[in-house]
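Peer 1: Next up is a structure, given as structure tokens.
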Amino acid sequence: MRRMPFAADSPAGALLTATRLTKRYGATTALDGVGIELRAGEVHALVGENGAGKSTLGKLIAGLVRPDGGELSLDGRPVSFRGPGEAVAHGIVGIQQEIALVPQLTVMENVMLGRERRSRLTGLVDRVRLRREFDAVVERSGFAVRGGDRVGGLRLAEQQKVEIMRALARDARVIVMDEPTSSLGQDDAEALQGVVRQLCAGGVAVVYVSHFLREVLAVSDRITVLRNGRLVRSEPAAALTAEELVRSMTGGEQPVHERRSRHAAAAGPPRLRLDGLTRAPDFEDVSLEVAAGEVVVLAGLVGAGRTEVARAVFGAERADCGTIELDGRAVSIRSPRDAMRLGIALVPESRKTEGLVLDQSGLWNAALPVLAECTTAGLVRRRAATAKAASSLAAAGVRAERVRSPVRHLSGGNQQKVLFAKWLATAPRVLIADEPTRGVDIATKRAIQQLIVELAESGLAVLLISSELEEVLPIASRVVVMRRGRVVGEIAGSEATHDVVTRHALGEAPDTKERRA
């Protein structure tokens, strides 16, 4: 008989207890009343889909963000952190997915950064004592590293060891690792698992956030599954299988949504075709096609390389090799200007940092990409530019009374509509939309989905990147799934369910099984 889920409300034997933690970002609840326990000498894994709340929970524990509700207890006493520095003072250290080291400094200098002691005689850093303390950290970690090596010259796996040593130098009792092997090869990933076991053997509690289920099952003592910001189950790893984890993460098999028959297959030759597109280390040998009238969803987990592919197609970043074809003709795209000239538009993932000028109006933003064609002898024909912008804003559903307001003062949903309008004004042939419904309300999501369908029906080829599968599967002609920088599956829209797509993304589909474990 299956063991009952680990009781996250029982503090007995717990090093750190999280009780009913809640975190909101505007109207979005990232974490909703989640409770877990961490025990000394154990690896506690957090798994779930994109947006499930894994990283948010890790950041709350490490003091990187503050909760809106709930409580943390350390050794049975309530604690509250105003920042990561206070968490470190209590022995809790977070290691984020992106390495945060100073490449110009040596291994020893990075490990001991902020821990230097000055000589009373000279006022200078006491390097003898620094070396002695560093050697003690090396001995505790068991890593074969050279303190004098420059961090910038180390392989990524070695840099992660430096991050762990830095945590140990701060007397860490709890280490939160967010996707620690996402950028590592198989050998380095297996080596890091050995490092994690060493840490636990020394009494450290490790929070292990990862998408790699077989890796999680191999290294973890306990696994907590989150879905939509809520705790689904928390059990000993020995009592779980990859199949059960997938079902818990997705909520089981989803019914096939009613599909639009006109999206069932491409009506003609591909409008956009990628063949062997590669840019190391972000993505490799990516090949896909999108025909006029199609909505092709590019699915995958965070870090799969989807956004990087979109930016390469738009010319924001250069591919190393491979070809991009438009209507059967190979094209050279070296900049966004080239892409725009060819009729390619990109609605970027971050509207605030990459898509909009927040202090300008919706009209100004929507007119920005068409100013060149509305300019004569160096002077902008304001009436023509305004007319184009107003037309595209209306098509995107932005109400007339809002178009002259600074975009900063609009809701997230209306900002996203302005971003769509900005690119509709260019009359594109190919539209790439990267997470277009993230952070907007339900009504706006539906409006954006309807707009995408209408654009496809008008003849655009749409490549849609989204982690909100429930929202986009109903409008998908096909789903192309990426994993760790490579295309691992293509699924017809009529057959694409939440469960099927997620299995491909996790490497749990029959033809994409994880090779690491």
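Please note that chains go A, B, ... in the order of the structure tokens, that every chain numbers its residues from 1, and that ligands are numbered from 1 in the order shown.
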Within 7 Å of Glu284 of chain A, counting only C-alpha atoms, which residues show up once you throw out same-chain ones fewer than 3 positions away? Write them as a PyMOL selection string, please.
Peer 2: chain A and resi 277-280+485-486
Peer 1: As a ChimeraX atom specification, please: every residue in segment 225-324 of chain A that DSSP puts in alpha helix (DSSP H).
Peer 2: /A:242-250,306-313
Peer 1: For a test of reading the model, state the distance in Å between atom CA of Val204 of chain A and atom CA of Glu42 of chain A, rounded to one decimal.
Peer 2: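 Interatomic distance, atom CA of Val204 of chain A to atom CA of Glu42 of chain A: 7.2 Å.
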Peer 1: Would you work out the distance separating atom CA of Val34 of chain A from atom CA of Ser73 of chain A, expressed in Å to one decimal?
Peer 2: 13.7 Å
Peer 1: Atom CA of Val480 of chain A and atom CA of Leu342 of chain A, how far apart in Å?
Peer 2: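 We find that atom CA of Leu342 of chain A and atom CA of Val480 of chain A lie 23.6 Å from each other.
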Peer 1: Select from segment 7-85 of chain A every residue with an atom at most 12 Å from any atom of segment 193-199 of chain A, then for each give the shortest pair of atoms and their distance in Å to one decimal, using only C-alpha atoms, rows by chain and rising number, as a Markdown table.
Peer 2:
```
| residue | atom | partner | partner_atom | distance |
| --- | --- | --- | --- | --- |
| A:Ala40 | CA | A:Leu199 | CA | 10.1 |
| A:Gly41 | CA | A:Leu199 | CA | 7.6 |
| A:Glu42 | CA | A:Arg197 | CA | 8.6 |
| A:Val43 | CA | A:Val196 | CA | 7.9 |
| A:His44 | CA | A:Val196 | CA | 11.1 |
| A:Ala45 | CA | A:Val196 | CA | 11.7 |
```
Peer 1: Write a file of the just-selected residues containing N, CA and C atoms, as a tab-separated table (two decimals), in the first residue's frame.
Peer 2:
```
chain	number	residue	atom	x	y	z
A	40	ALA	N	17.42	18.24	7.98
A	40	ALA	CA	18.87	18.21	7.84
A	40	ALA	C	19.29	16.90	7.20
A	41	GLY	N	20.22	16.99	6.22
A	41	GLY	CA	20.74	15.79	5.58
A	41	GLY	C	19.84	15.22	4.51
A	42	GLU	N	18.79	15.96	4.10
A	42	GLU	CA	17.88	15.46	3.07
A	42	GLU	C	17.86	16.38	1.85
A	43	VAL	N	17.58	15.76	0.69
A	43	VAL	CA	17.33	16.52	-0.53
A	43	VAL	C	15.82	16.55	-0.73
A	44	HIS	N	15.27	17.74	-0.73
A	44	HIS	CA	13.82	17.91	-0.92
A	44	HIS	C	13.62	18.58	-2.28
A	45	ALA	N	13.10	17.81	-3.23
A	45	ALA	CA	12.93	18.32	-4.59
A	45	ALA	C	11.58	18.99	-4.76
```
Peer 1: Pick the closest to Leu288 of chain A from A:Gly507, A:Pro406, A:Gly147, A:Gly489: which is it, counting only C-alpha atoms?
Peer 2: A:Gly489
Peer 1: Given the choices A:Arg146, A:Arg429, A:Arg402, A:Lys59, which gets closest to Val93 of chain A if the distance is worked out from only C-alpha atoms?
Peer 2: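 Looking at the shortest contact to Val93 of chain A, the residue is A:Lys59.
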